[in-house]
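So this one's coords_25.cif, mmCIF, C-alpha atoms:
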```cif
data_protein
#
loop_
_atom_site.label_atom_id
_atom_site.label_comp_id
_atom_site.auth_asym_id
_atom_site.auth_seq_id
_atom_site.Cartn_x
_atom_site.Cartn_y
_atom_site.Cartn_z
CA MET A 1 40.93 -32.82 -42.16
CA LYS A 2 41.98 -29.36 -43.36
CA LYS A 3 38.31 -28.26 -43.47
CA ALA A 4 37.70 -29.50 -39.91
CA SER A 5 40.76 -27.69 -38.51
CA SER A 6 39.85 -24.43 -40.31
CA SER A 7 36.27 -24.56 -38.95
CA ILE A 8 37.60 -25.18 -35.43
CA THR A 9 39.97 -22.22 -35.83
CA SER A 10 37.18 -19.92 -37.04
CA LEU A 11 34.93 -21.06 -34.17
CA PHE A 12 37.74 -20.34 -31.72
CA LEU A 13 38.28 -16.89 -33.23
CA LEU A 14 34.54 -16.20 -33.03
CA LEU A 15 34.48 -17.16 -29.35
CA LEU A 16 37.55 -14.99 -28.73
CA SER A 17 35.83 -12.02 -30.34
CA LEU A 18 32.81 -12.50 -28.07
CA LEU A 19 34.91 -12.51 -24.90
CA PRO A 20 35.18 -8.69 -24.51
CA MET A 21 31.37 -8.50 -24.59
CA ALA A 22 31.22 -10.82 -21.55
CA CYS A 23 33.71 -8.68 -19.54
CA LYS A 24 32.97 -5.82 -17.23
CA LYS A 25 32.10 -2.69 -19.15
CA GLU A 26 34.71 0.06 -19.18
CA CYS A 27 33.20 3.54 -18.91
CA LYS A 28 35.02 6.35 -20.61
CA THR A 29 33.18 9.23 -18.95
CA LEU A 30 31.52 9.90 -15.63
CA GLU A 31 28.18 10.26 -17.44
CA GLU A 32 28.62 6.80 -18.92
CA TYR A 33 29.45 5.43 -15.48
CA LEU A 34 26.34 7.01 -13.94
CA HIS A 35 24.24 5.80 -16.84
CA TRP A 36 25.51 2.27 -16.21
CA LEU A 37 24.78 2.61 -12.49
CA ASN A 38 21.25 3.86 -13.16
CA ASN A 39 20.41 1.11 -15.63
CA PRO A 40 18.05 -1.41 -13.96
CA LYS A 41 19.50 -4.16 -16.18
CA ASN A 42 22.72 -4.02 -14.15
CA ASN A 43 20.79 -4.85 -10.96
CA LEU A 44 22.23 -2.03 -8.89
CA VAL A 45 19.04 -0.02 -9.05
CA PHE A 46 15.53 -1.38 -8.59
CA ILE A 47 12.33 0.47 -9.38
CA LYS A 48 8.83 -0.48 -8.27
CA TYR A 49 5.55 1.21 -9.02
CA ILE A 50 2.85 0.79 -6.40
CA ASN A 51 -0.29 2.83 -5.79
CA GLY A 52 0.85 5.70 -8.02
CA ILE A 53 4.23 5.97 -6.29
CA GLU A 54 7.65 5.14 -7.69
CA ILE A 55 10.04 3.51 -5.22
CA LYS A 56 13.64 3.43 -6.37
CA LEU A 57 16.53 1.93 -4.45
CA LYS A 58 20.03 2.43 -5.80
CA TYR A 59 23.35 1.06 -4.55
CA LEU A 60 26.09 3.69 -4.32
CA PRO A 61 29.61 2.33 -4.84
CA PRO A 62 32.30 3.47 -2.37
CA GLU A 63 34.39 4.99 -5.17
CA TYR A 64 31.51 7.17 -6.30
CA LEU A 65 30.81 8.27 -2.72
CA THR A 66 34.47 9.19 -2.27
CA TYR A 67 34.36 11.17 -5.51
CA LEU A 68 31.26 13.06 -4.29
CA GLU A 69 33.00 13.80 -1.00
CA GLU A 70 35.98 15.21 -2.87
CA GLU A 71 33.65 17.33 -5.00
CA ARG A 72 32.07 18.77 -1.87
CA ASP A 73 35.31 19.39 -0.06
CA ALA A 74 38.53 19.56 -2.07
CA SER A 75 40.63 19.41 1.11
CA VAL A 76 39.88 15.70 1.53
CA ARG A 77 41.56 14.75 -1.74
CA GLY A 78 44.74 13.90 0.09
CA LYS A 79 42.82 11.40 2.23
CA ARG A 80 41.27 9.51 -0.65
CA ASP A 81 42.47 6.05 0.37
CA SER A 82 41.29 6.56 3.92
CA LEU A 83 37.85 7.70 2.73
CA LEU A 84 37.59 4.81 0.29
CA ASN A 85 38.46 2.37 3.03
CA THR A 86 35.78 3.86 5.29
CA TYR A 87 33.10 3.62 2.64
CA ARG A 88 34.11 0.08 1.78
CA GLN A 89 33.36 -1.09 5.33
CA GLY A 90 29.65 -0.68 4.82
CA MET A 91 26.99 -0.27 2.19
CA THR A 92 25.22 2.88 1.09
CA PHE A 93 21.93 3.08 -0.73
CA LEU A 94 19.77 5.87 -2.03
CA LEU A 95 16.02 5.39 -1.57
CA THR A 96 13.87 7.67 -3.70
CA LEU A 97 10.12 8.01 -3.29
CA GLY A 98 8.37 9.95 -6.00
CA PRO A 99 5.14 10.17 -7.97
CA ASP A 100 4.66 7.65 -10.76
CA GLU A 101 5.15 10.08 -13.62
CA ARG A 102 3.54 7.64 -16.03
CA LYS A 103 0.19 8.05 -14.27
CA ALA A 104 -1.96 11.12 -13.64
CA LEU A 105 -0.68 11.43 -10.05
CA LYS A 106 2.14 13.92 -10.42
CA GLY A 107 2.06 15.98 -7.23
CA ASP A 108 4.82 16.40 -4.69
CA ILE A 109 4.96 13.23 -2.62
CA ALA A 110 5.63 15.20 0.54
CA THR A 111 2.03 16.38 0.52
CA GLN A 112 0.26 13.43 -1.10
CA GLY A 113 -2.39 11.99 1.20
CA VAL A 114 -1.68 14.64 3.81
CA TYR A 115 -4.62 16.73 5.03
CA SER A 116 -3.27 18.72 7.93
CA TYR A 117 -0.12 20.44 9.08
CA GLU A 118 0.29 17.83 11.83
CA GLN A 119 0.29 15.00 9.29
CA PHE A 120 2.75 16.88 7.08
CA SER A 121 4.98 17.57 10.05
CA GLU A 122 4.88 13.92 11.10
CA ARG A 123 5.75 12.78 7.59
CA MET A 124 8.70 15.17 7.31
CA GLU A 125 9.96 14.19 10.74
CA THR A 126 9.82 10.50 9.84
CA MET A 127 11.49 11.02 6.47
CA ASN A 128 14.22 13.12 7.97
CA PHE A 129 14.96 11.35 11.23
CA LYS A 130 13.09 8.08 11.64
CA MET A 131 13.58 6.14 8.43
CA SER A 132 15.90 3.72 10.24
CA GLU A 133 12.77 2.29 11.89
CA HIS A 134 11.36 1.33 8.48
CA VAL A 135 14.40 -0.01 6.65
CA LYS A 136 16.64 -3.00 7.35
CA MET A 137 19.03 -5.19 5.46
CA LYS A 138 19.04 -8.98 5.61
CA THR A 139 22.07 -10.84 4.36
CA ASP A 140 22.97 -14.50 4.44
CA LYS A 141 25.24 -13.55 7.36
CA GLY A 142 22.81 -11.55 9.48
CA GLU A 143 20.41 -8.66 9.78
CA TYR A 144 21.42 -5.01 9.92
CA LYS A 145 19.67 -1.81 10.88
CA PRO A 146 20.87 1.43 9.26
CA VAL A 147 23.35 3.48 11.27
CA LEU A 148 22.41 6.55 9.30
CA THR A 149 19.39 7.67 7.30
CA THR A 150 19.27 11.20 6.04
CA MET A 151 16.98 12.91 3.60
CA GLU A 152 18.63 14.85 0.82
CA ASN A 153 17.67 18.51 0.73
CA ASN A 154 16.13 19.12 -2.68
CA TYR A 155 15.13 22.73 -1.93
CA GLY A 156 11.65 22.02 -3.29
CA LEU A 157 13.00 21.49 -6.80
CA THR A 158 11.74 17.95 -7.27
CA LYS A 159 8.51 16.16 -6.47
CA SER A 160 10.35 13.16 -5.10
CA ARG A 161 12.37 12.75 -1.92
CA SER A 162 15.66 10.88 -1.62
CA ILE A 163 17.02 9.34 1.53
CA TYR A 164 20.57 8.08 2.02
CA ILE A 165 20.74 4.83 3.95
CA VAL A 166 23.99 3.51 5.37
CA PHE A 167 24.62 0.07 6.82
CA VAL A 168 27.85 -0.80 8.60
CA PRO A 169 28.96 -3.85 10.59
CA PHE A 170 27.98 -3.79 14.26
CA GLN A 171 31.49 -4.45 15.48
CA LYS A 172 34.97 -3.92 14.11
CA ASP A 173 35.56 -7.64 13.51
CA ASP A 174 32.07 -8.27 12.05
CA LYS A 175 32.68 -9.47 8.51
CA GLY A 176 29.00 -10.10 7.79
CA ILE A 177 28.64 -7.39 5.18
CA LYS A 178 31.96 -8.12 3.49
CA GLU A 179 31.35 -11.86 3.26
CA ALA A 180 27.64 -11.85 2.41
CA GLU A 181 26.62 -13.00 -1.06
CA SER A 182 23.25 -11.29 -1.17
CA PHE A 183 21.76 -8.19 0.43
CA ASP A 184 18.00 -7.97 0.87
CA VAL A 185 17.11 -4.37 1.68
CA ILE A 186 13.59 -4.26 3.12
CA TYR A 187 11.61 -1.06 3.14
CA GLU A 188 8.32 -1.06 5.03
CA ASP A 189 6.34 1.97 3.95
CA THR A 190 4.19 3.96 6.35
CA PHE A 191 3.30 6.93 4.13
CA PHE A 192 1.54 5.70 1.01
CA ASP A 193 0.22 2.17 1.81
CA LEU A 194 2.95 0.54 -0.26
CA GLY A 195 3.44 -2.41 2.09
CA LYS A 196 6.73 -4.18 2.61
CA ASN A 197 9.16 -4.12 -0.30
CA HIS A 198 12.25 -6.23 -0.87
CA PHE A 199 15.19 -5.10 -2.98
CA ILE A 200 17.76 -7.81 -3.53
CA PHE A 201 21.34 -6.98 -4.47
CA THR A 202 24.02 -9.57 -5.04
CA LYS A 203 27.76 -9.42 -4.48
CA LYS A 204 28.27 -10.58 -8.05
CA ASP A 205 26.39 -7.60 -9.47
CA ILE A 206 28.18 -5.20 -7.13
CA HIS A 207 31.56 -6.55 -8.24
CA ASN A 208 30.50 -6.05 -11.85
CA THR A 209 30.55 -2.26 -11.39
CA PRO A 210 32.92 -0.70 -13.92
CA PRO A 211 36.17 0.66 -12.51
CA PHE A 212 35.97 4.28 -11.40
CA THR A 213 38.64 6.33 -13.13
CA PHE A 214 37.20 9.83 -13.03
CA TRP A 215 39.01 11.22 -10.03
CA ASN A 216 39.71 14.91 -9.83
CA LYS A 217 43.42 15.56 -10.18
CA MET B 1 -6.91 -29.00 -82.95
CA GLU B 2 -9.21 -26.31 -81.50
CA LYS B 3 -7.66 -22.95 -80.55
CA PRO B 4 -8.41 -21.79 -76.97
CA ASP B 5 -11.10 -19.10 -76.81
CA PRO B 6 -9.36 -15.75 -75.94
CA GLN B 7 -12.54 -14.44 -74.33
CA LEU B 8 -12.73 -17.48 -72.04
CA LYS B 9 -9.11 -16.98 -71.09
CA GLN B 10 -9.79 -13.33 -70.18
CA LYS B 11 -12.83 -14.36 -68.13
CA GLN B 12 -10.73 -16.90 -66.27
CA LYS B 13 -8.03 -14.29 -65.60
CA PHE B 14 -10.66 -11.88 -64.32
CA LEU B 15 -12.15 -14.52 -62.03
CA PHE B 16 -8.71 -15.38 -60.64
CA LEU B 17 -8.01 -11.71 -60.00
CA LEU B 18 -11.36 -11.21 -58.29
CA THR B 19 -10.87 -14.30 -56.13
CA GLY B 20 -7.38 -13.10 -55.20
CA ILE B 21 -8.61 -9.65 -54.23
CA CYS B 22 -11.48 -11.11 -52.16
CA LEU B 23 -9.10 -13.51 -50.41
CA ALA B 24 -6.62 -10.71 -49.65
CA GLY B 25 -9.47 -8.58 -48.33
CA VAL B 26 -10.71 -11.37 -46.07
CA ILE B 27 -7.19 -11.96 -44.75
CA LEU B 28 -6.60 -8.25 -44.10
CA LEU B 29 -9.96 -7.92 -42.37
CA SER B 30 -9.23 -10.96 -40.19
CA ILE B 31 -5.85 -9.53 -39.21
CA PHE B 32 -7.45 -6.16 -38.45
CA LEU B 33 -10.18 -7.76 -36.32
CA PHE B 34 -7.63 -9.98 -34.55
CA LEU B 35 -5.37 -7.04 -33.69
CA ASN B 36 -8.28 -4.93 -32.49
CA ARG B 37 -10.04 -7.65 -30.55
CA THR B 38 -10.94 -6.90 -26.98
CA LYS B 39 -8.59 -8.85 -24.77
CA ILE B 40 -10.21 -9.93 -21.53
CA GLY B 41 -8.80 -11.92 -18.68
CA TYR B 42 -9.93 -12.76 -15.19
CA VAL B 43 -8.19 -13.39 -11.92
CA ASN B 44 -9.41 -15.52 -9.07
CA THR B 45 -8.62 -13.11 -6.27
CA GLY B 46 -8.88 -15.62 -3.41
CA PRO B 47 -6.09 -17.97 -4.53
CA LEU B 48 -4.10 -14.98 -5.78
CA ILE B 49 -4.07 -13.25 -2.41
CA GLU B 50 -3.52 -16.52 -0.52
CA GLY B 51 -0.70 -17.55 -2.81
CA TYR B 52 1.12 -14.21 -2.76
CA VAL B 53 4.28 -14.44 -0.63
CA GLY B 54 3.90 -10.79 0.31
CA MET B 55 0.61 -11.62 2.01
CA LYS B 56 2.09 -14.71 3.69
CA GLU B 57 5.02 -12.73 5.04
CA ALA B 58 2.73 -9.92 6.21
CA ARG B 59 0.44 -12.41 7.97
CA ASN B 60 3.37 -14.17 9.64
CA ASN B 61 4.69 -10.86 10.95
CA TYR B 62 1.23 -9.83 12.11
CA GLN B 63 0.76 -13.12 13.93
CA SER B 64 4.12 -12.75 15.69
CA GLN B 65 3.19 -9.23 16.77
CA SER B 66 -0.29 -10.39 17.91
CA GLN B 67 1.30 -13.09 20.04
CA ILE B 68 3.44 -10.47 21.78
CA TRP B 69 0.40 -8.29 22.44
CA GLN B 70 -1.58 -11.27 23.69
CA ALA B 71 1.30 -12.29 25.95
CA ASN B 72 1.31 -8.78 27.45
CA ILE B 73 -2.44 -8.94 28.10
CA ASP B 74 -2.08 -12.41 29.62
CA THR B 75 0.69 -11.16 31.92
CA LEU B 76 -1.47 -8.25 33.10
CA GLN B 77 -4.44 -10.54 33.69
CA LEU B 78 -2.26 -12.98 35.60
CA ASP B 79 -0.95 -10.14 37.78
CA PHE B 80 -4.54 -9.04 38.41
CA GLN B 81 -5.59 -12.56 39.30
CA ARG B 82 -2.67 -12.83 41.75
CA ALA B 83 -3.65 -9.52 43.31
CA VAL B 84 -7.27 -10.73 43.69
CA ASN B 85 -6.14 -14.02 45.26
CA LYS B 86 -3.88 -12.15 47.68
CA TYR B 87 -6.78 -9.86 48.62
CA ASN B 88 -9.07 -12.82 49.24
CA ILE B 89 -6.49 -14.46 51.50
CA GLN B 90 -5.94 -11.27 53.47
CA LEU B 91 -9.65 -10.36 53.58
CA PRO B 92 -10.54 -11.76 57.06
CA GLU B 93 -7.72 -9.74 58.65
CA LEU B 94 -8.40 -6.44 56.90
CA TYR B 95 -10.05 -3.40 58.49
CA GLN B 96 -12.95 -1.75 56.70
CA GLN B 97 -10.82 1.09 55.38
CA GLU B 98 -8.09 -1.23 54.15
CA LYS B 99 -10.73 -3.35 52.41
CA ALA B 100 -12.12 -0.31 50.64
CA THR B 101 -8.62 0.84 49.58
CA GLN B 102 -7.67 -2.56 48.25
CA GLN B 103 -10.97 -2.96 46.43
CA ALA B 104 -10.52 0.44 44.79
CA SER B 105 -6.99 -0.53 43.79
CA LEU B 106 -8.19 -3.82 42.25
CA LYS B 107 -10.99 -2.03 40.44
CA GLN B 108 -8.45 0.45 39.03
CA MET B 109 -6.22 -2.42 37.95
CA GLN B 110 -9.14 -4.14 36.23
CA ASP B 111 -10.18 -0.93 34.45
CA ASN B 112 -6.60 -0.42 33.26
CA ILE B 113 -6.48 -3.93 31.87
CA ILE B 114 -9.79 -3.46 30.05
CA GLN B 115 -8.55 -0.14 28.63
CA TYR B 116 -5.25 -1.69 27.58
CA THR B 117 -7.01 -4.67 25.97
CA ASN B 118 -9.35 -2.38 24.03
CA ALA B 119 -6.43 -0.19 22.91
CA ILE B 120 -4.52 -3.27 21.76
CA LYS B 121 -7.55 -4.59 19.87
CA GLU B 122 -7.88 -1.25 18.08
CA LYS B 123 -4.17 -1.17 17.35
CA ALA B 124 -4.26 -4.74 16.04
CA GLN B 125 -7.19 -3.93 13.79
CA LYS B 126 -5.46 -0.83 12.40
CA GLU B 127 -2.27 -2.78 11.86
CA ASP B 128 -4.20 -5.53 10.06
CA GLU B 129 -5.87 -2.95 7.82
CA ARG B 130 -2.56 -1.24 7.10
CA ILE B 131 -0.83 -4.47 6.19
CA THR B 132 -3.71 -5.70 4.04
CA LYS B 133 -3.99 -2.36 2.24
CA GLY B 134 -0.27 -2.39 1.44
CA VAL B 135 -0.42 -5.92 0.06
CA LEU B 136 -3.56 -5.24 -1.99
CA ASN B 137 -1.96 -2.11 -3.45
CA GLN B 138 1.04 -4.18 -4.50
CA ILE B 139 -1.23 -6.75 -6.14
CA ASN B 140 -3.39 -4.16 -7.91
CA SER B 141 -0.36 -2.26 -9.20
CA TYR B 142 1.20 -5.46 -10.51
CA ILE B 143 -2.03 -6.47 -12.25
CA GLY B 144 -2.17 -3.02 -13.85
CA GLU B 145 1.41 -3.38 -15.13
CA TYR B 146 0.70 -6.92 -16.32
CA GLY B 147 -2.43 -5.84 -18.16
CA GLU B 148 -0.59 -3.03 -19.95
CA LYS B 149 2.38 -5.20 -20.81
CA HIS B 150 0.24 -8.01 -22.26
CA GLY B 151 -2.27 -5.80 -24.04
CA PHE B 152 -5.32 -6.54 -21.95
CA ASP B 153 -8.37 -4.30 -22.27
CA ILE B 154 -10.04 -5.63 -19.15
CA ILE B 155 -8.91 -7.84 -16.29
CA LEU B 156 -11.78 -8.92 -14.06
CA GLY B 157 -11.37 -9.98 -10.48
CA THR B 158 -13.61 -12.70 -9.17
CA THR B 159 -14.16 -14.58 -5.94
CA ALA B 160 -15.82 -17.94 -5.35
CA SER B 161 -19.16 -16.27 -4.77
CA GLY B 162 -18.48 -13.39 -7.16
CA SER B 163 -20.39 -11.94 -10.09
CA LEU B 164 -18.44 -13.80 -12.79
CA LEU B 165 -20.76 -16.73 -13.49
CA TYR B 166 -18.81 -18.33 -16.30
CA ALA B 167 -15.56 -17.84 -18.18
CA LYS B 168 -13.33 -20.10 -20.24
CA ASP B 169 -10.22 -21.40 -18.52
CA LYS B 170 -8.01 -19.96 -21.22
CA ILE B 171 -8.71 -16.40 -20.03
CA ASP B 172 -7.93 -17.31 -16.40
CA ILE B 173 -4.62 -15.55 -15.84
CA THR B 174 -4.44 -16.15 -12.06
CA GLU B 175 -1.41 -18.47 -12.22
CA ASP B 176 0.55 -16.21 -14.55
CA ILE B 177 -0.04 -13.18 -12.38
CA LEU B 178 0.72 -15.07 -9.16
CA LYS B 179 4.02 -16.34 -10.58
CA GLY B 180 5.08 -12.85 -11.74
CA LEU B 181 3.92 -11.24 -8.51
CA ASN B 182 5.91 -13.63 -6.32
CA GLU B 183 9.02 -13.30 -8.46
CA SER B 184 8.88 -9.54 -8.29
CA TYR B 185 8.38 -9.55 -4.49
CA ASN B 186 11.14 -11.87 -3.32
CA PRO B 187 11.93 -15.17 -5.09
CA SER B 188 13.83 -16.56 -2.07
CA LEU B 189 10.77 -16.08 0.17
CA LEU B 190 8.67 -18.08 -2.28
CA LYS B 191 11.11 -20.96 -1.91
CA GLU B 192 10.95 -20.59 1.89
CA PHE B 193 7.13 -20.70 2.00
CA THR B 194 6.95 -23.58 -0.48
CA GLU B 195 9.33 -25.61 1.70
CA GLU B 196 7.28 -24.72 4.80
CA LYS B 197 4.16 -25.95 3.05
CA LYS B 198 5.88 -29.24 2.12
CA ASP B 199 7.01 -29.72 5.76
CA GLU B 200 3.46 -29.13 6.99
CA LYS B 201 2.04 -31.61 4.48
CA SER B 202 4.58 -34.29 5.40
CA LYS B 203 3.63 -33.86 9.10
#
```

Can the structure in the file be given as structure tokens, please?
Amino acid sequence: MKKASSSITSLFLLLLSLLPMACKKECKTLEEYLHWLNNPKNNLVFIKYINGIEIKLKYLPPEYLTYLEEERDASVRGKRDSLLNTYRQGMTFLLTLGPDERKALKGDIATQGVYSYEQFSERMETMNFKMSEHVKMKTDKGEYKPVLTTMENNYGLTKSRSIYIVFVPFQKDDKGIKEAESFDVIYEDTFFDLGKNHFIFTKKDIHNTPPFTFWNK
Amino acid sequence: MEKPDPQLKQKQKFLFLLTGICLAGVILLSIFLFLNRTKIGYVNTGPLIEGYVGMKEARNNYQSQSQIWQANIDTLQLDFQRAVNKYNIQLPELYQQEKATQQASLKQMQDNIIQYTNAIKEKAQKEDERITKGVLNQINSYIGEYGEKHGFDIILGTTASGSLLYAKDKIDITEDILKGLNESYNPSLLKEFTEEKKDEKSK
């Protein structure tokens, strides 16, 4: 009887010790937080390799976006809650197209497969201003087109190109994005013959993001 | 009682040692050959492409778009037919000049429809090529990743009338690749297409 109760107690203690490992990870530094965000195992970033191109789609949490905004413009620090609330209404993703560095193809993707100035110009115009025609988000509550797609200016420093994509509800009382359980972001490529690509995010994984505690004081 | 011959004992020890060394050598050589064996697999490209949900989705979208284009052409042809019928009804009452004007107008309408139809056919063909190329690139890239991950030296692609005349079933990796390909594309779409297939079969 004593042996049985002691083994039950030790089993209980073992389970108790495992509990913290099942909880959301706490990040002590911003670098740790970004590392967590960029880890494909956490299902907030998906990477595909097709035809020598790397396609990466990353979810950007509202807290991180607010932090970036504050970094850019210190005057908005007093409006943190308002900014957070704005970002929380929708969903922001970062789509990155770059060469598959694992293969021999390592050139700048802006000029890959482009043989004239007209083609280059068309590609840049599409990447800068027309990406909303090639991306959409399907949820279990409806389908959304991006309200904003903008290419990040990399000043020619990288061979890849990143495009911010923002989805917001169509109307003020549209709770589709807030209440959806899964978000299927569909990117249909027109530059590199990559076809249609699905990137599926779930509410559960988004809620698993560690708390953001690295605000500037 | 006879004492055991020490020389015989030594010979036996030596034989044991030799046998042990030979056995170890054979085992090591087998392991070496096994690890360095050429790993070959083949894929039946027909069923792979047909079974890939990316291809099914692309085809569905293409068909929907083709129906819209066809509907536009049908509308134009219907309008043309109406215009011709109207002309035929009015023909007895028309002056020579009016006849000529209307005939020219109908001819222009017909030429426009032919031009539009040809443009649509070209567009449809380009769209089909674009979609197919995208899907094939996805498949090829996945097969490349699969081959590297599973240590394949060669993965052959074969069709029903292809150049692969015989191969053992155990090196047919079509099902494995198809499963991985569909899971990496969109698992929920696979479920959708499987249910569609079941509905069609039950009908």

Tell me the residues of chain B close to chain A, meaning within 8 Å using only C-alpha atoms, as a ChimeraX atom specification.
/B:54,58,130-131,133-135,137-138,140-142,185-186

Here CA of Ala74 (chain A) and CA of Leu94 (chain A) stand apart by 23.2 Å

Would you work out the distance separating CA of Thr111 (chain A) from CA of Asn128 (chain A), expressed in Å to one decimal?
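One can read the CA of Thr111 (chain A) to CA of Asn128 (chain A) distance as 14.7 Å.
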
Can you give me, as a ChimeraX atom specification, the residues this file yields under the PyMOL selection byres ((chain B and resi 59-72) around 8)?
/B:55-58,73-76,120,124,127-128

One decimal, Å: what's the distance from CA of Tyr116 (chain B) over to CA of Asn85 (chain B), could you say?
21.6 Å

The PyMOL selection byres ((chain A and resi 28) around 10) - which residues does that actually catch in the file I just gave you? List them as a VMD selection string.
chain A and resid 25 to 27 29 to 33 210 to 214
